[in-house]
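Trainee: What follows is model09.txt, made up of compact mmCIF, C-alpha atoms:
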```
# COMPACT_ATOMS: atom_id res chain seq x y z
CA MET N 1 0.00 0.00 0.00
CA PRO N 2 1.51 3.40 -0.93
CA GLU N 3 2.33 5.69 1.99
CA GLU N 4 0.09 8.69 2.71
CA PRO N 5 1.71 11.91 1.53
CA TYR N 6 3.25 13.79 4.47
CA ASN N 7 0.84 16.63 5.29
CA PRO N 8 1.27 17.97 8.81
CA SER N 9 -1.24 20.39 10.29
CA PRO N 10 0.00 23.98 10.69
CA ILE N 11 -1.92 24.37 13.97
CA GLY N 12 0.45 25.09 16.82
CA ASN N 13 3.46 25.22 14.48
CA PRO N 14 5.63 28.13 15.65
CA SER N 15 7.85 28.09 12.56
CA VAL N 16 8.02 31.18 10.35
CA LEU N 17 6.47 29.29 7.42
CA ALA N 18 3.87 26.56 7.75
CA ARG N 19 1.06 25.19 5.59
CA ARG N 20 -1.27 28.03 6.58
CA ASN N 21 -2.29 29.12 3.08
CA TRP N 22 -1.64 28.21 -0.51
CA LEU N 23 1.53 30.31 -0.92
CA GLN N 24 3.13 29.20 2.35
CA THR N 25 2.35 25.60 1.54
CA ARG N 26 4.12 25.88 -1.83
CA LEU N 27 7.12 27.49 -0.11
CA VAL N 28 7.22 24.89 2.65
CA ILE N 29 7.13 22.03 0.15
CA PHE N 30 9.82 23.67 -1.98
CA ILE N 31 12.11 24.31 0.98
CA GLY N 32 11.47 20.83 2.32
CA LYS N 33 12.65 19.40 -0.98
CA HIS N 34 15.76 21.55 -1.32
CA THR N 35 17.18 21.58 2.18
CA PRO N 36 18.40 18.64 4.26
CA LYS N 37 15.75 16.66 6.11
CA CYS N 38 15.67 17.19 9.87
CA ARG N 39 17.27 13.84 10.66
CA GLU N 40 20.19 14.85 8.46
CA MET N 41 20.10 18.49 9.61
CA VAL N 42 20.54 17.46 13.20
CA ARG N 43 23.66 15.47 12.34
CA ILE N 44 25.03 18.42 10.35
CA LEU N 45 24.36 20.84 13.21
CA SER N 46 26.18 18.59 15.61
CA GLN N 47 29.11 18.38 13.23
CA SER N 48 29.18 22.15 12.85
CA MET N 49 30.06 22.42 16.54
CA GLU N 50 33.43 20.96 15.64
CA GLU N 51 34.11 22.01 12.06
CA PRO N 52 33.08 25.22 10.28
CA MET N 53 30.04 24.86 8.08
CA PRO N 54 30.51 25.67 4.38
CA LEU N 55 28.64 28.72 3.11
CA MET N 56 26.19 26.79 0.95
CA MET N 57 25.17 24.64 3.89
CA ARG N 58 24.79 27.68 6.12
CA ILE N 59 22.38 29.19 3.62
CA LYS N 60 20.43 25.94 3.40
CA LYS N 61 20.35 25.81 7.17
CA ARG N 62 18.83 29.29 7.53
CA VAL N 63 16.30 28.53 4.87
CA HIS N 64 15.44 25.22 6.53
CA PHE N 65 14.89 27.06 9.82
CA LEU N 66 12.08 29.04 8.16
CA ILE N 67 10.01 25.89 7.96
CA CYS N 68 11.38 24.18 11.03
CA CYS N 69 11.63 25.90 14.41
CA TRP N 70 12.66 22.56 15.97
CA CYS N 71 15.96 22.37 14.13
CA GLN N 72 16.54 25.99 15.08
CA ARG N 73 15.91 25.22 18.73
CA TYR N 74 18.13 22.18 18.40
CA GLU N 75 21.01 24.35 17.27
CA GLU N 76 20.50 26.89 20.06
CA GLN N 77 20.23 24.21 22.70
CA LEU N 78 23.23 22.35 21.34
CA ARG N 79 25.32 25.52 21.52
CA TYR N 80 24.13 26.15 25.04
CA ILE N 81 24.94 22.63 26.20
CA ARG N 82 28.36 22.78 24.63
CA ASP N 83 29.16 26.09 26.31
CA THR N 84 27.91 25.08 29.72
CA ALA N 85 29.53 21.66 29.48
CA GLN N 86 32.91 23.30 29.59
CA GLN N 87 31.99 24.93 32.85
CA PHE N 88 30.75 21.69 34.30
CA PRO N 89 33.92 20.58 36.11
CA GLN N 90 33.94 23.77 38.18
CA HIS N 91 30.33 23.41 39.15
CA ALA N 92 30.21 19.79 40.19
CA ASP N 93 30.74 20.29 43.90
CA GLU N 94 30.40 16.93 45.48
CA VAL N 95 32.30 13.94 44.16
CA PRO N 96 30.87 10.51 43.57
CA GLY N 97 32.08 8.17 46.30
CA PRO N 98 34.44 8.56 49.26
CA PRO N 99 37.65 10.61 49.16
CA LEU N 100 41.10 9.17 48.75
CA SER N 101 41.59 6.78 51.65
CA GLU N 102 44.61 6.69 53.92
CA GLU N 103 45.39 3.15 52.75
CA ALA N 104 45.38 4.32 49.15
CA LYS N 105 47.78 7.11 50.04
CA GLU N 106 50.06 4.65 51.78
CA ARG N 107 50.02 2.41 48.73
CA MET N 108 51.07 5.31 46.56
CA LYS N 109 53.89 6.35 48.85
CA GLN N 110 55.03 2.75 48.91
CA LYS N 111 55.16 2.52 45.13
CA LEU N 112 57.00 5.80 44.88
CA ALA N 113 59.57 4.61 47.37
CA GLU N 114 60.02 1.41 45.37
CA GLN N 115 60.66 3.31 42.20
CA ALA N 116 63.22 5.51 43.88
CA ARG N 117 65.42 2.57 44.80
CA MET B 1 71.54 7.59 43.89
CA THR B 2 72.14 10.65 41.78
CA GLU B 3 71.51 14.15 43.08
CA SER B 4 68.34 14.58 41.04
CA LYS B 5 66.96 11.22 42.14
CA ILE B 6 67.37 12.20 45.76
CA GLN B 7 65.61 15.49 45.08
CA SER B 8 62.68 13.92 43.30
CA ALA B 9 62.30 11.18 45.92
CA SER B 10 62.04 13.70 48.74
CA ALA B 11 59.67 15.91 46.78
CA ALA B 12 57.48 12.95 45.88
CA HIS B 13 57.13 12.02 49.51
CA GLY B 14 55.13 15.17 50.15
CA TRP B 15 53.11 15.05 46.93
CA VAL B 16 50.77 12.31 48.01
CA ASP B 17 49.72 14.25 51.08
CA ASP B 18 49.70 17.68 49.48
CA HIS B 19 48.13 16.88 46.14
CA GLY B 20 46.80 13.31 46.26
CA GLU B 21 43.30 14.25 47.34
CA CYS B 22 42.92 16.98 44.78
CA LEU B 23 44.27 14.91 41.89
CA TYR B 24 42.10 11.99 42.90
CA ARG B 25 38.92 14.10 42.87
CA TYR B 26 39.90 15.59 39.53
CA ALA B 27 40.33 12.16 38.01
CA LEU B 28 37.29 10.67 39.73
CA MET B 29 35.02 13.31 38.24
CA ARG B 30 36.06 12.29 34.77
CA VAL B 31 36.42 8.52 35.00
CA ARG B 32 33.77 7.92 37.68
CA LYS B 33 35.42 4.74 38.94
CA PRO B 34 37.48 4.98 42.17
CA GLU B 35 39.92 2.21 41.19
CA VAL B 36 40.64 3.79 37.84
CA ALA B 37 41.07 7.22 39.40
CA GLU B 38 43.48 5.82 41.95
CA ASP B 39 45.52 4.07 39.24
CA LEU B 40 45.73 7.24 37.20
CA VAL B 41 46.88 9.29 40.16
CA GLN B 42 49.45 6.63 40.99
CA GLU B 43 50.78 6.69 37.44
CA THR B 44 50.86 10.46 37.56
CA PHE B 45 53.10 10.45 40.62
CA LEU B 46 55.39 7.83 39.13
CA ALA B 47 55.68 9.76 35.88
CA ALA B 48 56.26 12.97 37.80
CA VAL B 49 59.17 11.45 39.67
CA ARG B 50 60.71 10.31 36.39
CA GLY B 51 60.29 13.71 34.83
CA TYR B 52 61.15 15.85 37.84
CA GLU B 53 64.40 17.08 36.33
CA LYS B 54 62.59 18.52 33.34
CA PHE B 55 60.06 20.25 35.57
CA GLY B 56 62.50 22.66 37.14
CA GLY B 57 59.83 24.53 39.06
CA ARG B 58 58.48 26.51 36.10
CA SER B 59 54.93 26.42 37.35
CA SER B 60 53.28 25.36 40.57
CA GLU B 61 53.69 21.73 41.50
CA ARG B 62 49.96 21.18 41.48
CA SER B 63 49.34 22.53 38.01
CA TRP B 64 52.29 20.52 36.72
CA LEU B 65 50.95 17.33 38.29
CA CYS B 66 47.48 18.15 36.94
CA GLY B 67 48.94 18.43 33.49
CA ILE B 68 50.44 14.97 33.75
CA LEU B 69 47.18 13.63 35.12
CA LYS B 70 45.22 15.14 32.23
CA ASN B 71 47.39 13.29 29.75
CA LYS B 72 46.94 10.06 31.68
CA ILE B 73 43.18 10.53 31.59
CA VAL B 74 43.20 11.18 27.87
CA ASP B 75 45.33 8.09 27.28
CA HIS B 76 42.90 6.11 29.38
CA PHE B 77 39.95 7.10 27.21
CA ARG B 78 41.90 6.62 24.01
CA LYS B 79 42.74 3.09 25.13
CA LEU B 80 39.10 2.53 26.03
CA GLY B 81 38.09 3.64 22.56
CA ARG B 82 40.47 1.20 20.92
CA GLU B 83 39.47 -1.74 23.05
CA THR B 84 35.71 -1.55 22.85
CA SER B 85 33.60 -1.75 19.76
CA PHE B 86 31.65 1.06 18.16
CA THR B 87 28.32 -0.31 19.31
CA ASP B 88 28.04 2.36 21.99
CA THR B 89 27.83 5.17 19.51
CA GLU B 90 25.78 3.19 17.01
CA PHE B 91 23.27 2.58 19.74
CA LEU B 92 22.95 6.29 20.43
CA ALA B 93 22.40 7.08 16.78
CA GLY B 94 19.42 4.78 16.47
CA GLU B 95 17.98 5.50 19.88
CA TYR B 96 15.89 8.55 19.08
CA SER B 97 14.75 7.71 15.60
CA GLU B 98 11.13 7.82 16.78
CA LYS B 99 11.52 11.58 17.23
CA PHE B 100 11.37 11.88 13.45
CA VAL B 101 8.64 10.88 11.00
CA SER B 102 9.55 8.38 8.33
CA VAL B 103 10.23 10.99 5.63
CA GLY B 104 12.85 12.55 7.90
CA PHE B 105 11.25 15.66 9.39
CA TRP B 106 10.80 16.25 13.11
CA ASN B 107 7.64 14.84 14.62
CA HIS B 108 6.14 18.14 15.76
CA ASP B 109 5.20 16.76 19.16
CA GLU B 110 8.61 15.20 19.79
CA GLY B 111 10.86 18.01 18.67
CA PRO B 112 12.96 20.14 21.03
CA LYS B 113 10.77 22.21 23.31
CA GLU B 114 11.37 25.84 23.95
CA TRP B 115 13.61 26.42 26.95
CA LYS B 116 11.79 28.97 29.07
CA ALA B 117 14.28 30.02 31.73
CA GLU B 118 16.87 32.66 31.05
CA PRO B 119 19.90 30.44 30.29
CA ASP B 120 22.53 32.40 32.20
CA GLU B 121 20.67 32.31 35.47
CA VAL B 122 20.16 28.58 35.16
CA MET B 123 23.88 27.97 35.38
CA HIS B 124 23.89 28.92 39.02
CA ARG B 125 21.22 26.51 40.00
CA ALA B 126 22.29 23.31 41.67
CA GLU B 127 19.40 21.48 40.07
CA PHE B 128 20.73 22.11 36.64
CA TRP B 129 24.13 20.67 37.45
CA GLN B 130 22.56 17.68 39.14
CA THR B 131 20.61 16.98 35.98
CA MET B 132 23.73 17.29 33.91
CA LYS B 133 25.51 14.90 36.26
CA ASP B 134 22.63 12.43 35.97
CA CYS B 135 22.73 12.63 32.20
CA LEU B 136 26.44 12.05 32.25
CA ALA B 137 25.96 9.02 34.45
CA LYS B 138 23.65 7.45 31.88
CA LEU B 139 26.20 7.58 29.12
CA PRO B 140 28.50 4.80 28.08
CA GLN B 141 31.90 5.38 29.65
CA LYS B 142 33.64 6.24 26.39
CA VAL B 143 31.20 8.92 25.41
CA ARG B 144 31.26 10.43 28.87
CA GLY B 145 35.01 10.66 28.59
CA VAL B 146 34.65 12.73 25.49
CA PHE B 147 32.24 15.05 27.21
CA THR B 148 34.50 15.85 30.12
CA CYS B 149 37.73 15.79 28.18
CA ALA B 150 36.56 17.01 24.82
CA ARG B 151 38.94 19.90 24.60
CA TRP B 152 41.96 17.76 25.28
CA MET B 153 41.23 15.01 22.86
CA ALA B 154 41.88 15.04 19.17
CA PHE B 155 40.11 13.57 16.17
CA ARG B 156 38.37 10.51 17.54
CA ALA B 157 36.50 12.65 20.06
CA LYS B 158 34.46 14.22 17.29
CA ARG B 159 32.70 11.03 16.31
CA PHE B 160 31.66 10.28 19.88
CA ALA B 161 30.74 13.89 20.62
CA ARG B 162 28.33 13.98 17.70
CA PHE B 163 26.16 11.17 19.00
CA PHE B 164 26.41 12.36 22.57
CA ARG B 165 25.08 15.78 21.69
CA PHE B 166 22.18 14.24 19.88
CA GLN B 167 21.20 12.44 23.02
CA THR B 168 21.62 15.29 25.48
CA ALA B 169 19.64 17.65 23.32
CA ILE B 170 16.75 15.24 23.55
CA PHE B 171 17.15 14.92 27.34
CA GLY B 172 16.46 18.62 27.40
```
Please go through the file and, once you have read it, give me the structure as structure tokens.
Mentor:
Amino acid sequence: MPEEPYNPSPIGNPSVLARRNWLQTRLVIFIGKHTPKCREMVRILSQSMEEPMPLMMRIKKRVHFLICCWCQRYEEQLRYIRDTAQQFPQHADEVPGPPLSEEAKERMKQKLAEQAR
Amino acid sequence: MTESKIQSASAAHGWVDDHGECLYRYALMRVRKPEVAEDLVQETFLAAVRGYEKFGGRSSERSWLCGILKNKIVDHFRKLGRETSFTDTEFLAGEYSEKFVSVGFWNHDEGPKEWKAEPDEVMHRAEFWQTMKDCLAKLPQKVRGVFTCARWMAFRAKRFARFFRFQTAIFG
């Protein structure tokens, strides 16, 4: 049986463009065809955190965002997580588990003494 | 024993007491396993004794020892990456496929929600960091290593980081 054509309702869609009228629908379909699908977009966005995105892809990305606020949010949230992640070590106050035990310290001193000989 | 060996042996004697705790906590945060953290700190001290001559007191002892420890931690995760298969990251990639419809667009109900709170203020809230810690705890060890050590690691980190970010973005 052939699959139903994808036709999401525009109700509650916060994106700039959605299938609200004839013109927007044409635009949405066109952009959907000519920019990466969200599954792919998400992978590209993640990659762009490491490597610079080529100009053509950046244009496609901005155009894709017009029809897809979720990918846009994804990028913002990804950036935010990446930035805060680097601050994480300073903010994690308590450590998992007990501190370095006296026996462990003794073991280390022992090994150091052995190496010195 | 040579002059330098005597020097390094006497210096090392104090290191465990002065810096052991701090180095241990530093490592424990990143590797999460007490035995592994202890091993890494041990190796750090041993390496420090061997390289004491080169140190020459350029920086503080603690930051020097931390530097050695960082490298040990990175080596640990690199070794982990070589020894285990790629199934960890493959698993992550497939995990949230239900967030998308079959044609490849976001399912509108499953997509990232808007984050209401002003992001900067959130950083000071203990809750936020607890959540981040919990998320970290759920990750496979290798991927978690990338997260905490990402800046220190080179190429291989990118592949792991990609899938990790996908997952944390969904955790919200």
Trainee: For chain N, which residue out of B:Leu80, B:Val16, B:Ala11, B:Ala48 is the nearest one, using all atoms listed in the file?
Mentor: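 Between B:Leu80, B:Val16, B:Ala11, B:Ala48, the residue approaching chain N most closely is B:Val16.
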Trainee: Rank N:Ile59, N:Val42, N:Ala18, N:Leu27 by their smallest atom-to-atom distance to chain B, using all atoms listed in the file, and report the top residue only.
Mentor: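 With all atoms listed in the file as the atom set, the closest residue is N:Val42.
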Trainee: By how many Å are atom CA of Trp22 of chain N and atom CA of Cys71 of chain N apart?
Mentor: 23.6 Å
Trainee: Using all atoms listed in the file, which of the listed residues (B:Lys116, B:Lys99, B:Lys70, B:Arg50) sits closest to Tyr24 of chain B?
Mentor: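 Closest residue, counting all atoms listed in the file: B:Lys70.
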Trainee: Would you tabulate, counting all atoms listed in the file, all residues of chain N that have an atom at most 6 Å from an atom of chain B, showing the closest pair of atoms and their distance in Å to one decimal, sorted by chain then ascending number, as a tab-separated table?
Mentor:
```
residue	atom	partner	partner_atom	distance
N:Lys37	CA	B:Gly104	CA	5.3
N:Cys38	CA	B:Phe105	CA	4.7
N:Arg39	CA	B:Gly104	CA	5.4
N:Ser46	CA	B:Arg162	CA	5.5
N:Trp70	CA	B:Gly111	CA	5.6
N:Leu100	CA	B:Glu21	CA	5.7
N:Met108	CA	B:Gln42	CA	5.9
```
Trainee: Restricted to C-alpha atoms, what would the selected residues look like written as a PDB file, in the coordinates of the input?
Mentor:
```pdb
ATOM      1  CA  LYS N  37      15.750  16.660   6.110  1.00  0.00           C
ATOM      2  CA  CYS N  38      15.670  17.190   9.870  1.00  0.00           C
ATOM      3  CA  ARG N  39      17.270  13.840  10.660  1.00  0.00           C
ATOM      4  CA  SER N  46      26.180  18.590  15.610  1.00  0.00           C
ATOM      5  CA  TRP N  70      12.660  22.560  15.970  1.00  0.00           C
ATOM      6  CA  LEU N 100      41.100   9.170  48.750  1.00  0.00           C
ATOM      7  CA  MET N 108      51.070   5.310  46.560  1.00  0.00           C
TER       8      MET N 108
END
```
Trainee: Please measure the separation of atom CA of Lys72 of chain B and atom CA of Thr44 of chain B, giving the value in Å to one decimal.
Mentor: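 Atom-to-atom, atom CA of Lys72 of chain B and atom CA of Thr44 of chain B are spaced 7.1 Å apart.
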Trainee: Calculate how many Å separate atom CA of Lys60 of chain N from atom CA of Thr35 of chain N, rounding to one decimal.
Mentor: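 Computed distance, atom CA of Lys60 of chain N to atom CA of Thr35 of chain N, equals 5.6 Å.
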Trainee: With 4 Å added on each side, what axis-aligned box encloses every listed atom of segment 56-68 of chain N? Give the centre and edge lengths in Å to one decimal, as JSON.
Mentor:
```
{"center_x": 18.1, "center_y": 26.7, "center_z": 6.0, "size_x": 24.2, "size_y": 13.1, "size_z": 18.1}
```
Trainee: Give me, as a PyMOL selection string, all polymer residues having an atom no more than 9 Å from Val16 of chain N, counting all atoms listed in the file and skipping those fewer than 3 positions away in the same chain.
Mentor: chain N and resi 13+65-69
